[in-house]
file upload-v6.cif (mmCIF, C-alpha atoms)
data_model
loop_
_atom_site.label_atom_id
_atom_site.label_comp_id
_atom_site.auth_asym_id
_atom_site.auth_seq_id
_atom_site.Cartn_x
_atom_site.Cartn_y
_atom_site.Cartn_z
CA MET F 1 0.00 0.00 0.00
CA PRO F 2 1.48 3.42 -0.94
CA TYR F 3 2.85 5.54 1.88
CA LYS F 4 0.46 8.43 1.21
CA VAL F 5 -2.56 6.14 1.47
CA VAL F 6 -1.31 4.77 4.78
CA ARG F 7 -0.73 8.30 6.04
CA TYR F 8 -4.22 9.44 5.04
CA LEU F 9 -5.78 6.38 6.68
CA GLY F 10 -3.88 7.15 9.88
CA ALA F 11 -5.02 10.78 9.78
CA GLY F 12 -8.58 9.62 9.19
CA ARG F 13 -8.40 7.49 12.33
CA TYR F 14 -7.36 10.50 14.39
CA VAL F 15 -10.15 12.63 12.93
CA LEU F 16 -12.66 9.87 13.67
CA VAL F 17 -11.53 9.57 17.29
CA ALA F 18 -11.61 13.36 17.72
CA ALA F 19 -15.08 13.55 16.20
CA LEU F 20 -16.25 10.81 18.56
CA ASN F 21 -14.84 12.76 21.52
CA VAL F 22 -16.67 15.89 20.39
CA LEU F 23 -19.95 14.00 20.00
CA LEU F 24 -19.61 12.40 23.42
CA LEU F 25 -18.81 15.77 24.97
CA ALA F 26 -21.81 17.40 23.28
CA ALA F 27 -24.10 14.59 24.43
CA LEU F 28 -22.79 14.86 27.99
CA CYS F 29 -23.30 18.65 27.95
CA TYR F 30 -26.92 18.24 26.84
CA PHE F 31 -27.61 15.60 29.49
CA TYR F 32 -25.80 17.69 32.13
CA LEU F 33 -27.96 20.75 31.42
CA THR F 34 -31.34 19.03 31.05
CA GLU F 35 -31.14 16.18 33.58
CA GLY F 36 -34.10 16.21 35.98
CA LEU F 37 -35.85 19.21 34.37
CA SER F 38 -38.52 17.36 32.39
CA ASP F 39 -41.23 18.17 34.96
CA ALA F 40 -40.18 21.78 35.61
CA ASN F 41 -41.95 24.69 33.93
CA HIS F 42 -40.14 26.70 31.27
CA VAL F 43 -39.25 29.69 33.47
CA THR F 44 -37.86 27.59 36.32
CA ALA F 45 -35.88 25.36 33.97
CA SER F 46 -34.45 28.41 32.18
CA ILE F 47 -33.27 29.96 35.46
CA ILE F 48 -31.69 26.69 36.65
CA VAL F 49 -29.84 26.20 33.37
CA LYS F 50 -28.64 29.80 32.91
CA GLU F 51 -27.73 30.66 36.50
CA LEU F 52 -26.57 27.32 37.92
CA ARG F 53 -25.79 24.57 35.45
CA LEU F 54 -24.33 26.44 32.47
CA PRO F 55 -21.62 28.34 34.40
CA ARG F 56 -20.79 25.21 36.38
CA MET F 57 -20.49 23.19 33.18
CA LEU F 58 -18.20 25.76 31.56
CA CYS F 59 -16.07 25.88 34.70
CA ALA F 60 -15.67 22.10 34.86
CA MET F 61 -14.79 21.87 31.18
CA GLY F 62 -12.29 24.73 31.42
CA VAL F 63 -10.57 23.30 34.48
CA GLY F 64 -10.39 19.82 33.00
CA ALA F 65 -8.94 21.06 29.71
CA SER F 66 -6.42 23.37 31.42
CA LEU F 67 -5.12 20.74 33.83
CA SER F 68 -4.89 18.13 31.08
CA VAL F 69 -2.89 20.42 28.79
CA ALA F 70 -0.65 21.34 31.74
CA GLY F 71 -0.07 17.67 32.50
CA ALA F 72 0.65 16.86 28.84
CA LEU F 73 3.21 19.68 28.68
CA MET F 74 4.99 18.49 31.81
CA GLN F 75 4.98 14.87 30.69
CA GLY F 76 6.39 15.93 27.33
CA VAL F 77 9.28 17.71 29.04
CA PHE F 78 10.09 14.91 31.49
CA ARG F 79 9.14 12.04 29.15
CA ASN F 80 7.44 10.43 32.13
CA PRO F 81 3.72 9.48 32.43
CA LEU F 82 3.68 9.99 36.23
CA VAL F 83 4.40 13.72 36.07
CA GLU F 84 1.52 16.18 36.47
CA PRO F 85 0.83 19.49 38.27
CA TYR F 86 -0.29 17.74 41.47
CA THR F 87 2.68 15.38 41.84
CA MET F 88 5.12 18.20 40.96
CA GLY F 89 3.81 20.47 43.72
CA LEU F 90 2.31 23.18 41.50
CA SER F 91 -1.24 22.61 42.74
CA GLY F 92 -0.07 22.65 46.36
CA GLY F 93 1.77 25.92 45.82
CA ALA F 94 -1.31 27.47 44.24
CA VAL F 95 -3.50 26.41 47.18
CA LEU F 96 -0.93 27.85 49.59
CA GLY F 97 -1.13 31.17 47.75
CA VAL F 98 -4.92 31.11 47.94
CA ALA F 99 -4.80 30.35 51.67
CA ILE F 100 -2.46 33.28 52.28
CA ALA F 101 -4.75 35.55 50.23
CA PHE F 102 -7.75 34.62 52.39
CA VAL F 103 -6.00 34.83 55.77
CA SER F 104 -4.20 38.09 54.99
CA GLY F 105 -7.49 39.80 54.11
CA SER F 106 -6.52 40.42 50.48
CA VAL F 107 -9.65 38.66 49.24
CA ALA F 108 -11.85 41.00 51.31
CA VAL F 109 -10.21 43.98 49.59
CA TRP F 110 -9.55 42.78 46.04
CA GLY F 111 -12.07 39.96 45.67
CA SER F 112 -11.51 37.17 43.16
CA ALA F 113 -8.50 38.99 41.68
CA ALA F 114 -6.61 38.34 44.93
CA VAL F 115 -7.47 34.62 44.70
CA THR F 116 -6.16 34.41 41.13
CA ALA F 117 -3.01 36.39 41.96
CA GLY F 118 -2.34 34.31 45.07
CA ALA F 119 -2.72 31.06 43.15
CA ALA F 120 -0.45 32.28 40.35
CA ILE F 121 2.27 33.51 42.73
CA GLY F 122 2.13 30.34 44.81
CA GLY F 123 2.33 28.13 41.73
CA LEU F 124 5.23 30.11 40.27
CA LEU F 125 7.17 29.92 43.55
CA SER F 126 6.68 26.15 43.57
CA LEU F 127 7.97 26.08 40.00
CA VAL F 128 11.07 28.03 41.02
CA ALA F 129 11.70 25.61 43.88
CA VAL F 130 11.43 22.59 41.57
CA LEU F 131 13.70 24.17 38.95
CA LEU F 132 16.32 25.03 41.59
CA MET F 133 16.25 21.44 42.81
CA ARG F 134 16.58 20.27 39.24
CA ARG F 135 19.69 22.42 38.85
CA CYS F 136 21.20 20.79 41.94
CA VAL F 137 20.28 17.15 41.27
CA GLY F 138 20.40 17.14 37.48
CA TYR F 139 17.86 15.89 34.97
CA ASP F 140 17.18 12.49 36.54
CA VAL F 141 13.45 11.95 36.13
CA ALA F 142 12.92 9.82 39.24
CA VAL F 143 14.74 12.31 41.46
CA MET F 144 12.81 15.23 39.95
CA LEU F 145 9.56 13.44 40.64
CA MET F 146 10.59 12.97 44.26
CA CYS F 147 11.51 16.67 44.46
CA GLY F 148 8.06 17.61 43.19
CA ILE F 149 6.37 15.35 45.71
CA MET F 150 8.52 16.88 48.46
CA VAL F 151 7.47 20.40 47.39
CA SER F 152 3.86 19.21 47.47
CA PHE F 153 4.29 17.92 51.03
CA VAL F 154 5.93 21.17 52.16
CA THR F 155 3.23 23.37 50.66
CA SER F 156 0.52 21.12 52.12
CA ALA F 157 2.10 21.41 55.58
CA ALA F 158 2.36 25.19 55.22
CA THR F 159 -1.28 25.37 54.19
CA SER F 160 -2.25 23.34 57.27
CA VAL F 161 -0.32 25.75 59.51
CA ILE F 162 -2.08 28.74 57.94
CA MET F 163 -5.45 27.05 58.32
CA SER F 164 -4.76 26.46 62.02
CA MET F 165 -4.34 30.23 62.49
CA ALA F 166 -7.29 31.27 60.33
CA SER F 167 -10.66 32.44 61.56
CA ARG F 168 -13.67 30.17 61.21
CA GLU F 169 -14.93 32.02 58.12
CA ASP F 170 -11.54 32.01 56.40
CA LEU F 171 -11.02 28.37 57.37
CA SER F 172 -14.22 27.24 55.66
CA GLN F 173 -13.25 29.09 52.50
CA VAL F 174 -9.73 27.61 52.43
CA VAL F 175 -11.05 24.09 53.07
CA SER F 176 -13.39 24.42 50.09
CA TRP F 177 -10.34 25.13 47.93
CA THR F 178 -8.40 22.10 49.18
CA VAL F 179 -11.04 19.55 48.09
CA GLY F 180 -11.90 20.89 44.62
CA ALA F 181 -15.52 21.63 43.72
CA PHE F 182 -17.58 23.57 41.17
CA SER F 183 -20.74 24.18 43.22
CA SER F 184 -19.91 27.86 43.80
CA ALA F 185 -18.83 28.63 40.23
CA GLY F 186 -20.21 31.92 38.92
CA TRP F 187 -20.28 33.38 35.45
CA ARG F 188 -17.14 35.51 35.88
CA GLU F 189 -14.87 32.67 37.00
CA SER F 190 -16.42 30.17 34.58
CA LEU F 191 -16.00 32.37 31.52
CA PHE F 192 -12.45 33.23 32.59
CA ILE F 193 -11.20 29.63 32.90
CA PHE F 194 -13.20 28.48 29.87
CA CYS F 195 -11.65 31.20 27.68
CA VAL F 196 -8.19 30.35 29.03
CA ALA F 197 -8.73 26.71 28.09
CA CYS F 198 -10.09 27.60 24.64
CA VAL F 199 -6.95 29.63 23.92
CA ALA F 200 -4.40 27.29 25.53
CA THR F 201 -5.69 24.02 24.05
CA PRO F 202 -5.16 24.79 20.33
CA LEU F 203 -2.05 26.91 20.91
CA SER F 204 -0.40 24.15 22.93
CA SER F 205 0.12 22.17 19.71
CA LEU F 206 2.74 24.76 18.72
CA ALA F 207 5.04 23.23 21.34
CA GLY F 208 4.54 19.75 19.91
CA ASN F 209 7.50 19.79 17.52
CA ALA F 210 9.94 20.97 20.19
CA LEU F 211 8.74 18.32 22.65
CA ASN F 212 9.01 15.64 19.96
CA VAL F 213 12.60 16.64 19.30
CA MET F 214 13.36 16.64 23.04
CA SER F 215 12.17 13.04 23.24
CA LEU F 216 15.33 12.11 21.31
CA GLY F 217 17.49 13.34 24.20
CA ASP F 218 19.07 16.63 25.15
CA GLU F 219 22.18 16.23 23.00
CA ASP F 220 20.22 15.34 19.86
CA ALA F 221 17.78 18.16 20.57
CA ARG F 222 20.60 20.71 20.75
CA SER F 223 22.10 19.39 17.52
CA LEU F 224 18.73 19.96 15.84
CA GLY F 225 18.48 23.54 17.10
CA VAL F 226 16.15 23.04 20.08
CA SER F 227 17.17 24.37 23.50
CA PRO F 228 15.96 21.88 26.13
CA ARG F 229 16.39 24.42 28.93
CA LEU F 230 14.33 27.11 27.17
CA VAL F 231 11.58 24.69 26.14
CA SER F 232 11.43 23.26 29.67
CA VAL F 233 11.14 26.67 31.32
CA LEU F 234 8.47 27.87 28.87
CA ALA F 235 6.46 24.64 29.15
CA PHE F 236 6.67 24.68 32.93
CA SER F 237 5.66 28.35 33.07
CA VAL F 238 2.58 27.77 30.90
CA ALA F 239 1.67 24.65 32.88
CA THR F 240 2.05 26.57 36.14
CA LEU F 241 -0.22 29.40 35.00
CA LEU F 242 -2.86 26.96 33.73
CA THR F 243 -2.72 25.11 37.06
CA ALA F 244 -2.90 28.33 39.08
CA PHE F 245 -5.88 29.63 37.12
CA SER F 246 -7.66 26.30 37.57
CA VAL F 247 -6.98 26.20 41.31
CA SER F 248 -8.19 29.80 41.67
CA VAL F 249 -11.68 28.89 40.41
CA SER F 250 -12.16 25.30 41.61
CA GLY F 251 -9.50 24.33 44.14
CA VAL F 252 -7.23 21.30 43.91
CA VAL F 253 -8.28 18.65 41.39
CA ALA F 254 -5.70 15.90 41.47
CA PHE F 255 -4.53 13.37 38.88
CA VAL F 256 -6.53 14.71 35.92
CA GLY F 257 -3.29 16.03 34.45
CA MET F 258 -1.72 12.59 34.76
CA ALA F 259 -4.48 10.23 33.63
CA VAL F 260 -5.94 12.18 30.69
CA PRO F 261 -2.69 12.62 28.68
CA HIS F 262 -1.93 8.93 29.17
CA PHE F 263 -5.34 7.91 27.84
CA THR F 264 -4.91 10.37 24.98
CA ARG F 265 -1.69 8.64 23.93
CA CYS F 266 -3.50 5.32 24.01
CA LEU F 267 -6.29 6.69 21.77
CA TYR F 268 -4.10 8.64 19.36
CA CYS F 269 -0.30 8.27 19.37
CA SER F 270 2.75 9.67 21.14
CA ASP F 271 3.05 12.67 18.78
CA ASN F 272 2.83 15.72 21.05
CA ARG F 273 1.36 17.81 18.24
CA LEU F 274 -1.77 15.69 18.60
CA VAL F 275 -1.51 14.76 22.27
CA LEU F 276 -1.56 18.35 23.57
CA PRO F 277 -4.81 19.61 21.99
CA ALA F 278 -6.50 16.21 22.23
CA SER F 279 -5.71 16.09 25.95
CA GLY F 280 -7.60 19.36 26.40
CA LEU F 281 -10.64 17.96 24.61
CA LEU F 282 -10.63 14.68 26.53
CA GLY F 283 -9.89 16.48 29.81
CA ALA F 284 -13.01 18.63 29.41
CA PHE F 285 -15.09 15.48 28.95
CA VAL F 286 -13.53 13.63 31.90
CA MET F 287 -13.86 16.58 34.28
CA LEU F 288 -17.47 17.22 33.32
CA ALA F 289 -18.25 13.52 33.80
CA CYS F 290 -16.60 13.53 37.24
CA ASP F 291 -18.57 16.62 38.25
CA PHE F 292 -21.80 14.99 37.08
CA ILE F 293 -20.98 11.89 39.15
CA SER F 294 -20.10 14.01 42.18
CA LYS F 295 -23.46 15.79 42.20
CA SER F 296 -25.57 12.75 41.31
CA VAL F 297 -24.24 9.81 43.30
CA ILE F 298 -25.65 10.93 46.68
CA SER F 299 -28.22 13.47 45.45
CA PRO F 300 -29.44 15.90 46.79
CA LYS F 301 -26.06 16.16 48.55
CA GLU F 302 -22.82 16.47 46.62
CA LEU F 303 -19.39 14.92 46.70
CA PRO F 304 -16.40 17.17 45.91
CA ALA F 305 -15.44 16.71 42.28
CA GLY F 306 -11.81 16.69 43.37
CA ALA F 307 -12.48 13.63 45.54
CA VAL F 308 -13.99 11.72 42.62
CA CYS F 309 -11.02 12.62 40.43
CA ALA F 310 -8.61 11.64 43.21
CA VAL F 311 -10.16 8.17 43.50
CA LEU F 312 -10.03 7.58 39.76
CA GLY F 313 -6.58 9.14 39.48
CA GLY F 314 -5.25 7.10 42.40
CA ILE F 315 -6.28 3.91 40.63
CA MET F 316 -4.60 5.20 37.47
CA PHE F 317 -1.44 6.14 39.42
CA THR F 318 -1.25 2.62 40.85
CA TYR F 319 -1.74 1.11 37.41
CA LEU F 320 1.03 3.22 35.87
CA THR F 321 3.38 2.37 38.73
CA LEU F 322 2.77 -1.38 38.39
CA VAL F 323 3.34 -1.33 34.64
CA TRP F 324 6.12 1.28 34.72
CA LYS F 325 8.40 -0.35 32.18
CA LYS F 326 5.62 -0.96 29.70
CA SER F 327 4.32 2.59 30.06
CA GLU F 328 7.80 4.04 29.70
CA SER F 329 8.48 2.09 26.51
CA ARG F 330 5.11 3.24 25.06
CA PHE F 331 5.82 6.83 26.04
CA LEU F 332 9.24 6.89 24.45
CA SER F 333 8.25 4.97 21.30
#

call {"tool": "encode", "arguments": {"input": "upload-v6.cif", "output": "structure tokens"}}
result
Amino acid sequence: MPYKVVRYLGAGRYVLVAALNVLLLAALCYFYLTEGLSDANHVTASIIVKELRLPRMLCAMGVGASLSVAGALMQGVFRNPLVEPYTMGLSGGAVLGVAIAFVSGSVAVWGSAAVTAGAAIGGLLSLVAVLLMRRCVGYDVAVMLMCGIMVSFVTSAATSVIMSMASREDLSQVVSWTVGAFSSAGWRESLFIFCVACVATPLSSLAGNALNVMSLGDEDARSLGVSPRLVSVLAFSVATLLTAFSVSVSGVVAFVGMAVPHFTRCLYCSDNRLVLPASGLLGAFVMLACDFISKSVISPKELPAGAVCAVLGGIMFTYLTLVWKKSESRFLS
């Protein structure tokens, strides 16, 4: 069979899988918005959809896409399927920044802008700490993963100390950020994170070529004109900002950035030009599905969406750890 025919058939497979993802996402959105409203009158149903469900749906999709793209970027740099914003300490740093913003009274003065700024500063400081450790210990992936987990533990401990000194009102607000939920999502935050995801998801494919070249190794990448250090810093910076913005509107949602890129590679291929945008699309679907489960499983009460993702992600983390060699060979192939 001619090479061009094989290439077109392969491209057709990717388009088919992407179209299926879009159809599943559209079907889930429709079911998410209309579930349980068949007996409600038109006015009541319209208010519920416009004021409660639609902003929550946009928020969940934006957070899922942003965290998935962030995880795919970090995995592309480290060439390791266990790396994601949560395991590298970026989410913990963002939560620490949010906690400081609440306790210091900045949120009372500046509102949601203080939450976003606190999450961004906390995430960037965690990034600096990880990069400094990387400079000391080198590029060993296993050691860098341990450094990220250590940063996560330190930021978690610092957050606990701040929570112990917070007032009851501030404490309840900080706790809501540590579990991850979309029940309080409003139009402003939802449109913000959804627009961020809509911009970051397609643009992330621009980094695909550089990450593909880096998969050959640092020396080969330099010989081909790609600076591993520059690409790593830029990818980490974008991943940190996406994580911080997500944490600022929903709190900590763990393991989405690890599991979704891995599943995307299973559905498509290891080409980062496809993995990055496809991870955003699949991440929106997964996060929306987790949020639907969280608000339906014990209705009328709700589970935190972050807890549902943590359970599913913990199972995925265990699976990847048990089949480490197989996953690593697939990732590097």

call {"tool": "residues_around", "arguments": {"input": "upload-v6.cif", "residues": "segment 257-263 of chain F", "least_positions_apart": "3", "cutoff": "7 Å", "atoms": "all atoms listed in the file", "output": "number ranges by chain"}}
result
F: 67-68, 70-72, 81-85, 266-267, 275, 279, 282-283, 313, 316

call {"tool": "closest_residue", "arguments": {"input": "upload-v6.cif", "among": "F:Ala120, F:Val308, F:Ala207, F:Leu54", "to": "Ser296 of chain F", "atoms": "all atoms listed in the file"}}
result
F:Val308

call {"tool": "resolve_selection", "arguments": {"input": "upload-v6.cif", "expression": "the PyMOL selection byres ((chain F and resi 150) around 12)", "output": "list of chain:residue names"}}
result
F:Tyr86, F:Thr87, F:Met88, F:Gly89, F:Leu90, F:Gly92, F:Gly93, F:Ser126, F:Ala129, F:Val130, F:Met133, F:Val143, F:Met144, F:Leu145, F:Met146, F:Cys147, F:Gly148, F:Ile149, F:Val151, F:Ser152, F:Phe153, F:Val154, F:Thr155, F:Ser156, F:Ala157

call {"tool": "resolve_selection", "arguments": {"input": "upload-v6.cif", "expression": "the PyMOL selection byres ((chain F and resi 185) around 9)", "output": "VMD selection string"}}
result
chain F and resid 52 55 to 56 59 181 to 184 186 to 190 249 to 250

call {"tool": "resolve_selection", "arguments": {"input": "upload-v6.cif", "expression": "the PyMOL selection byres ((chain F and resi 312) around 12)", "output": "list in words"}}
result
Val253, Ala254, Phe255, Val256, Met258, Ala259, Val260, Val286, Met287, Ala289, Cys290, Ile293, Ala305, Gly306, Ala307, Val308, Cys309, Ala310, Val311, Gly313, Gly314, Ile315, Met316, Phe317, Thr318 and Tyr319 of chain F
